[in-house]
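**Q** Next up, entry-v2.tsv (TSV, C-alpha atoms).
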```tsv
chain	number	residue	atom	x	y	z
U	14	MET	CA	17.60	-10.20	-19.32
U	15	ALA	CA	17.59	-9.24	-15.66
U	16	GLY	CA	14.98	-8.73	-12.99
U	17	HIS	CA	14.40	-5.24	-11.60
U	18	SER	CA	12.05	-3.36	-9.30
U	19	GLN	CA	11.43	-0.37	-11.56
U	20	PHE	CA	7.81	-1.34	-12.18
U	21	LYS	CA	6.71	-2.13	-8.63
U	22	ASN	CA	5.10	1.29	-8.23
U	23	ILE	CA	3.33	0.88	-11.54
U	24	MET	CA	2.01	-2.50	-10.42
U	25	TYR	CA	0.57	-0.95	-7.25
U	26	ARG	CA	-1.05	1.73	-9.37
U	27	LYS	CA	-2.34	-0.80	-11.86
U	28	GLY	CA	-3.96	-2.82	-9.10
U	29	ALA	CA	-5.80	0.26	-7.89
U	30	GLN	CA	-6.73	1.22	-11.42
U	31	ASP	CA	-8.11	-2.22	-12.26
U	32	ALA	CA	-10.51	-1.85	-9.33
U	33	LYS	CA	-12.18	1.10	-11.08
U	34	ARG	CA	-14.82	-0.28	-13.41
U	35	SER	CA	-17.11	2.71	-13.89
U	36	LYS	CA	-15.38	4.14	-16.98
U	37	MET	CA	-13.20	1.24	-18.01
U	38	PHE	CA	-15.55	-0.25	-20.61
U	39	SER	CA	-16.16	3.12	-22.28
U	40	LYS	CA	-12.40	3.63	-22.65
U	41	PHE	CA	-12.01	0.15	-24.13
U	42	ALA	CA	-14.89	0.83	-26.52
U	43	ARG	CA	-13.32	4.09	-27.68
U	44	GLU	CA	-9.97	2.39	-28.37
U	45	ILE	CA	-11.68	-0.48	-30.23
U	46	THR	CA	-13.68	1.97	-32.35
U	47	ALA	CA	-10.59	4.05	-33.15
U	48	ALA	CA	-8.49	0.97	-33.96
U	49	ALA	CA	-11.16	-0.46	-36.25
U	50	LYS	CA	-11.62	2.88	-38.00
U	51	VAL	CA	-7.95	3.49	-38.85
U	52	GLY	CA	-7.38	-0.13	-39.86
U	53	MET	CA	-9.62	-3.02	-40.87
U	54	PRO	CA	-12.59	-4.04	-38.68
U	55	ASP	CA	-11.26	-7.62	-38.69
U	56	PRO	CA	-8.99	-8.25	-35.65
U	57	ALA	CA	-7.19	-11.03	-37.54
U	58	MET	CA	-5.96	-8.39	-40.01
U	59	ASN	CA	-5.56	-5.48	-37.59
U	60	PRO	CA	-2.98	-5.92	-34.78
U	61	ARG	CA	-4.05	-2.77	-32.93
U	62	LEU	CA	-7.68	-3.88	-32.92
U	63	ARG	CA	-6.70	-7.39	-31.83
U	64	THR	CA	-4.72	-5.99	-28.91
U	65	ALA	CA	-7.58	-3.68	-27.91
U	66	ILE	CA	-10.07	-6.55	-27.92
U	67	LEU	CA	-7.68	-8.71	-25.90
U	68	ALA	CA	-7.38	-6.00	-23.24
U	69	ALA	CA	-11.17	-5.58	-23.11
U	70	ARG	CA	-11.80	-9.30	-22.78
U	71	ALA	CA	-9.20	-9.56	-20.01
U	72	GLN	CA	-11.38	-7.18	-17.98
U	73	ASN	CA	-14.56	-9.13	-18.81
U	74	MET	CA	-16.03	-6.61	-21.23
U	75	PRO	CA	-19.16	-8.24	-22.74
U	76	LYS	CA	-18.90	-9.54	-26.30
U	77	ASP	CA	-21.88	-7.42	-27.36
U	78	ASN	CA	-20.11	-4.26	-26.22
U	79	ILE	CA	-17.04	-5.16	-28.25
U	80	GLU	CA	-19.08	-5.89	-31.36
U	81	ARG	CA	-20.99	-2.61	-31.00
U	82	ALA	CA	-17.72	-0.69	-30.72
U	83	ILE	CA	-16.42	-2.29	-33.93
U	84	LYS	CA	-19.71	-1.62	-35.73
U	85	LYS	CA	-19.63	2.01	-34.61
U	86	SER	CA	-16.35	2.49	-36.47
U	87	GLN	CA	-18.12	1.75	-39.76
U	88	GLU	CA	-21.09	4.07	-39.21
U	89	ALA	CA	-21.27	7.23	-41.31
U	90	GLY	CA	-21.09	10.41	-39.28
U	91	GLY	CA	-19.72	8.65	-36.19
U	92	ALA	CA	-17.23	10.25	-33.82
U	93	ASP	CA	-13.81	10.72	-35.39
U	94	TYR	CA	-11.34	10.11	-32.56
U	95	VAL	CA	-7.87	11.57	-32.83
U	96	GLU	CA	-4.86	10.33	-30.87
U	97	VAL	CA	-3.15	13.08	-28.88
U	98	ARG	CA	-0.31	13.02	-26.35
U	99	TYR	CA	0.38	15.50	-23.58
U	100	GLU	CA	3.57	15.75	-21.55
U	101	GLY	CA	4.14	17.59	-18.32
U	102	PHE	CA	5.59	17.60	-14.83
U	103	ALA	CA	4.03	16.84	-11.46
U	104	PRO	CA	5.28	18.10	-8.07
U	105	GLY	CA	8.80	16.87	-7.38
U	106	GLY	CA	9.80	16.96	-11.03
U	107	VAL	CA	8.03	13.70	-11.95
U	108	GLY	CA	7.52	13.41	-15.70
U	109	ILE	CA	4.04	12.43	-16.90
U	110	ILE	CA	2.86	11.27	-20.32
U	111	VAL	CA	-0.88	11.37	-21.04
U	112	GLU	CA	-2.33	9.51	-24.03
U	113	ALA	CA	-5.84	10.42	-25.12
U	114	LEU	CA	-8.42	9.69	-27.80
U	115	THR	CA	-10.63	12.70	-28.43
U	116	ASP	CA	-13.16	14.15	-30.85
U	117	ASN	CA	-12.45	17.66	-29.52
U	118	ARG	CA	-8.79	18.63	-29.11
U	119	ASN	CA	-9.56	21.97	-27.45
U	120	ARG	CA	-11.77	20.40	-24.79
U	121	THR	CA	-9.23	17.69	-23.93
U	122	ALA	CA	-6.24	20.05	-23.90
U	123	GLY	CA	-8.09	22.47	-21.61
U	124	GLU	CA	-9.08	19.71	-19.19
U	125	VAL	CA	-5.60	18.17	-19.03
U	126	ARG	CA	-3.94	21.57	-18.54
U	127	SER	CA	-6.42	22.46	-15.78
U	128	LEU	CA	-5.71	19.22	-13.89
U	129	PHE	CA	-1.95	19.71	-14.04
U	130	THR	CA	-2.37	23.23	-12.65
U	131	LYS	CA	-4.82	22.13	-9.95
U	132	TYR	CA	-2.36	19.63	-8.46
U	133	GLY	CA	0.77	21.76	-8.63
U	134	GLY	CA	2.14	20.55	-11.95
U	135	ASN	CA	2.64	22.15	-15.33
U	136	LEU	CA	2.04	21.03	-18.90
U	137	GLY	CA	5.06	21.10	-21.20
U	138	GLU	CA	5.75	20.88	-24.91
U	139	THR	CA	5.60	17.60	-26.83
U	140	GLY	CA	8.92	15.84	-26.27
U	141	ALA	CA	9.62	17.53	-22.93
U	142	VAL	CA	9.13	14.23	-21.09
U	143	SER	CA	9.00	11.41	-23.64
U	144	PHE	CA	12.73	11.69	-24.42
U	145	SER	CA	13.38	10.12	-20.99
U	146	PHE	CA	11.04	7.17	-21.66
U	147	ASP	CA	11.36	4.20	-24.02
U	148	ARG	CA	8.47	3.07	-26.21
U	149	VAL	CA	7.98	-0.64	-25.47
U	150	GLY	CA	5.53	-3.50	-25.64
U	151	GLU	CA	4.06	-4.58	-22.30
U	152	ILE	CA	2.52	-8.00	-21.67
U	153	GLU	CA	1.01	-9.08	-18.37
U	154	TYR	CA	0.12	-12.59	-17.18
U	155	PRO	CA	-1.39	-13.72	-13.88
U	156	LEU	CA	0.82	-15.82	-11.62
U	157	SER	CA	-1.44	-18.81	-12.33
U	158	ALA	CA	-0.18	-18.88	-15.94
U	159	GLY	CA	3.10	-20.49	-14.89
U	160	SER	CA	6.05	-20.30	-12.52
U	161	ALA	CA	8.55	-17.46	-12.63
U	162	GLU	CA	11.11	-19.84	-14.17
U	163	GLU	CA	8.68	-21.04	-16.85
U	164	MET	CA	7.69	-17.48	-17.74
U	165	LEU	CA	11.30	-16.28	-17.87
U	166	GLU	CA	12.33	-19.18	-20.10
U	167	ALA	CA	9.38	-18.60	-22.44
U	168	ALA	CA	10.09	-14.87	-22.52
U	169	ILE	CA	13.70	-15.46	-23.55
U	170	GLU	CA	12.70	-17.95	-26.24
U	171	ALA	CA	10.05	-15.58	-27.61
U	172	GLY	CA	12.47	-12.66	-27.80
U	173	ALA	CA	11.20	-10.48	-24.93
U	174	ASP	CA	13.58	-7.91	-23.42
U	175	ASP	CA	12.67	-8.39	-19.78
U	176	CYS	CA	10.47	-10.43	-17.45
U	177	GLU	CA	9.64	-9.56	-13.85
U	178	THR	CA	7.46	-11.59	-11.51
U	179	GLY	CA	5.73	-9.65	-8.74
U	180	ALA	CA	3.30	-10.56	-5.98
U	181	GLU	CA	0.35	-10.97	-8.35
U	182	THR	CA	1.59	-10.87	-11.92
U	183	HIS	CA	4.28	-11.64	-14.49
U	184	TRP	CA	5.26	-8.45	-16.31
U	185	LEU	CA	7.11	-8.72	-19.64
U	186	THR	CA	8.50	-6.00	-21.86
U	187	THR	CA	9.50	-6.19	-25.53
U	188	SER	CA	10.73	-3.95	-28.28
U	189	ILE	CA	8.06	-2.43	-30.53
U	190	ASP	CA	9.21	-4.54	-33.47
U	191	ALA	CA	9.05	-7.81	-31.50
U	192	PHE	CA	5.78	-7.10	-29.66
U	193	SER	CA	3.35	-8.98	-31.92
U	194	GLU	CA	5.67	-11.96	-32.32
U	195	VAL	CA	6.33	-12.26	-28.57
U	196	GLN	CA	2.64	-11.84	-27.77
U	197	ALA	CA	1.71	-14.64	-30.20
U	198	ALA	CA	4.39	-16.99	-28.87
U	199	LEU	CA	3.35	-16.49	-25.25
U	200	GLU	CA	-0.34	-16.85	-26.08
U	201	LYS	CA	0.40	-20.18	-27.78
U	202	LYS	CA	2.14	-21.43	-24.63
U	203	PHE	CA	0.15	-19.80	-21.80
U	204	GLY	CA	-3.12	-18.68	-23.40
U	205	PRO	CA	-4.37	-15.07	-23.72
U	206	ALA	CA	-2.53	-12.48	-21.63
U	207	LYS	CA	-4.23	-10.46	-18.91
U	208	SER	CA	-3.20	-7.37	-20.84
U	209	ALA	CA	-0.98	-6.50	-23.78
U	210	SER	CA	-0.27	-3.03	-25.10
U	211	ILE	CA	2.31	-0.57	-26.37
U	212	GLY	CA	3.40	1.79	-23.61
U	213	TRP	CA	6.09	4.08	-22.23
U	214	ARG	CA	8.81	2.79	-19.89
U	215	PRO	CA	10.87	5.31	-17.87
U	216	GLN	CA	14.63	5.16	-18.31
U	217	ASN	CA	15.08	6.50	-14.77
U	218	THR	CA	12.75	7.22	-11.85
U	219	VAL	CA	12.31	10.15	-9.49
U	220	GLU	CA	11.96	9.46	-5.76
U	221	VAL	CA	8.97	11.23	-4.18
U	222	ASP	CA	7.96	11.55	-0.53
U	223	GLU	CA	4.46	11.16	0.90
U	224	GLU	CA	3.52	14.84	0.57
U	225	LYS	CA	4.46	15.12	-3.09
U	226	GLY	CA	3.27	11.57	-3.72
U	227	GLU	CA	-0.22	12.39	-2.50
U	228	LYS	CA	-0.53	15.27	-4.99
U	229	LEU	CA	0.99	13.12	-7.72
U	230	LEU	CA	-1.47	10.27	-7.26
U	231	LYS	CA	-4.42	12.69	-7.10
U	232	LEU	CA	-3.26	14.15	-10.41
U	233	ILE	CA	-2.93	10.71	-11.98
U	234	ASP	CA	-6.33	9.63	-10.62
U	235	SER	CA	-7.98	12.77	-11.98
U	236	LEU	CA	-6.37	12.33	-15.40
U	237	GLU	CA	-7.46	8.68	-15.53
U	238	ASP	CA	-11.02	9.72	-14.66
U	239	SER	CA	-11.21	11.86	-17.80
U	240	ASP	CA	-13.36	10.30	-20.52
U	241	ASP	CA	-10.82	11.31	-23.18
U	242	VAL	CA	-7.69	9.99	-21.41
U	243	GLN	CA	-6.74	6.40	-22.22
U	244	LYS	CA	-3.44	5.93	-20.36
U	245	VAL	CA	-1.16	7.82	-17.99
U	246	TYR	CA	2.56	7.08	-17.46
U	247	ALA	CA	4.87	8.56	-14.81
U	248	ASN	CA	8.54	8.05	-13.89
U	249	PHE	CA	8.26	8.08	-10.10
U	250	GLU	CA	9.51	5.81	-7.35
U	251	MET	CA	7.95	5.71	-3.88
U	252	ASN	CA	8.48	3.84	-0.63
U	253	ASP	CA	6.37	0.65	-0.66
U	254	LYS	CA	4.51	1.47	2.56
U	255	VAL	CA	3.74	5.01	1.40
U	256	MET	CA	2.56	3.72	-1.99
U	257	GLU	CA	0.25	1.15	-0.38
U	258	LYS	CA	-1.13	3.79	1.99
U	259	LEU	CA	-1.82	6.33	-0.74
U	260	SER	CA	-3.18	3.74	-3.19
U	261	ALA	CA	-5.61	2.25	-0.66
```
Please express what this file holds, its structure, as structure tokens.
**A**
Amino acid sequence: MAGHSQFKNIMYRKGAQDAKRSKMFSKFAREITAAAKVGMPDPAMNPRLRTAILAARAQNMPKDNIERAIKKSQEAGGADYVEVRYEGFAPGGVGIIVEALTDNRNRTAGEVRSLFTKYGGNLGETGAVSFSFDRVGEIEYPLSAGSAEEMLEAAIEAGADDCETGAETHWLTTSIDAFSEVQAALEKKFGPAKSASIGWRPQNTVEVDEEKGEKLLKLIDSLEDSDDVQKVYANFEMNDKVMEKLSA
């Protein structure tokens, strides 16, 4: 296990994204409803639902909202959300993966394609980008949870693949198979995580300058603003000062 700086851009982006509250709860609710519908409505018996609720609670989503989202999954005639993934390229050759939950594939595909075109990118076929990413578990803890040494030691003992401590957070990655076990071990030692989810980790990154970076971040922001889009991943690297300027 070794430290690395591959996720520093993602951490900047995540900080900016966390500041957006307007649509966050609706996205959490949609994921909770979908998770409860495909599995059991009991989080103790449904790992995906448990993870979705954990993420919602970490962002202070009210308990009533969570319960309503679970109840909605059991209602007859309710929205039937389908998981879809889109892959494409932004200016500068940056690969982007878009994960969405939608009740209308045509609407979502049209919107995503339009946004890629608007900001100088292009949508590709499934697999065009994801082959250069690894599917991993991601667990995030605030710095207050413990020191970098304590977190690294606990991560190793729990079976995590990597642990990086940044300016505001501890960021751990695991294999898909070990995700639930690592999450449970860390929760027992440090309490609930700030976030925990299955995501995409780039194997390599593409350096972008300010001009291309501005278009890239506008594309990502626009995708994240879509009601249907749950998560956006990109394999870019950017100068710290430029990233802070464009993320402000």
**Q** If we count only C-alpha atoms, what is near Phe41 in chain U at a cut-off of 9 Å, once residues fewer than 5 positions away on the same chain are taken out, given as a list in words?
**A**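 What passes the distance filter is Lys36, Thr46, Ala65, Ile66, Ala68, Ala69, Met74, Ile79, Ala82 and Gln243 of chain U.
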**Q** Excluding Arg63 in chain U and its own-chain neighbours fewer than 6 positions away, which residues fall within 9 Å of it when counting all atoms listed in the file? Please give them as a VMD selection string.
**A** chain U and resid 45 48 55 to 57
**Q** Which polymer residues have any atom within 10 Å of an atom of Asn248 in chain U, counting all atoms listed in the file, with same-chain residues fewer than 4 positions away left out, as a list of chain:residue names?
**A** U:Gln19, U:Phe20, U:Asn22, U:Ile23, U:Gly106, U:Val107, U:Gly108, U:Ile109, U:Ile110, U:Val142, U:Ser145, U:Phe146, U:Trp213, U:Arg214, U:Pro215, U:Gln216, U:Asn217, U:Thr218, U:Val219, U:Glu220
**Q** Please provide as a list in words all residues within 6 Å of range 127-135 of chain U, with the sequence filter that same-chain residues fewer than 3 positions apart are discarded (counting only C-alpha atoms).
**A**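 Non-adjacent residues within range: Gly101, Phe102, Ala103, Pro104, Glu124, Lys228 and Leu232 of chain U.
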**Q** May I have the residues within 8 Å of range 185-198 of chain U as a tab-separated table (two decimals) with C-alpha atoms, in the frame of the given file, using only C-alpha atoms and disregarding those fewer than 2 positions away in the same chain?
**A**
```
chain	number	residue	atom	x	y	z
U	60	PRO	CA	-2.98	-5.92	-34.78
U	148	ARG	CA	8.47	3.07	-26.21
U	149	VAL	CA	7.98	-0.64	-25.47
U	150	GLY	CA	5.53	-3.50	-25.64
U	151	GLU	CA	4.06	-4.58	-22.30
U	152	ILE	CA	2.52	-8.00	-21.67
U	153	GLU	CA	1.01	-9.08	-18.37
U	168	ALA	CA	10.09	-14.87	-22.52
U	171	ALA	CA	10.05	-15.58	-27.61
U	172	GLY	CA	12.47	-12.66	-27.80
U	173	ALA	CA	11.20	-10.48	-24.93
U	174	ASP	CA	13.58	-7.91	-23.42
U	175	ASP	CA	12.67	-8.39	-19.78
U	176	CYS	CA	10.47	-10.43	-17.45
U	177	GLU	CA	9.64	-9.56	-13.85
U	183	HIS	CA	4.28	-11.64	-14.49
U	200	GLU	CA	-0.34	-16.85	-26.08
U	201	LYS	CA	0.40	-20.18	-27.78
U	202	LYS	CA	2.14	-21.43	-24.63
U	209	ALA	CA	-0.98	-6.50	-23.78
U	211	ILE	CA	2.31	-0.57	-26.37
```
**Q** Taking all atoms listed in the file into account, name the residue in U:Leu165, U:Leu114, U:Leu67, U:Val125 that is nearest to Leu236 in chain U.
**A**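 The answer is U:Val125, which sits nearest to Leu236 in chain U.
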**Q** Distance CA of Asp253 in chain U-CA of Gly212 in chain U, one decimal place?
**A**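 Spanning CA of Asp253 in chain U to CA of Gly212 in chain U is a straight-line distance of 23.2 Å.
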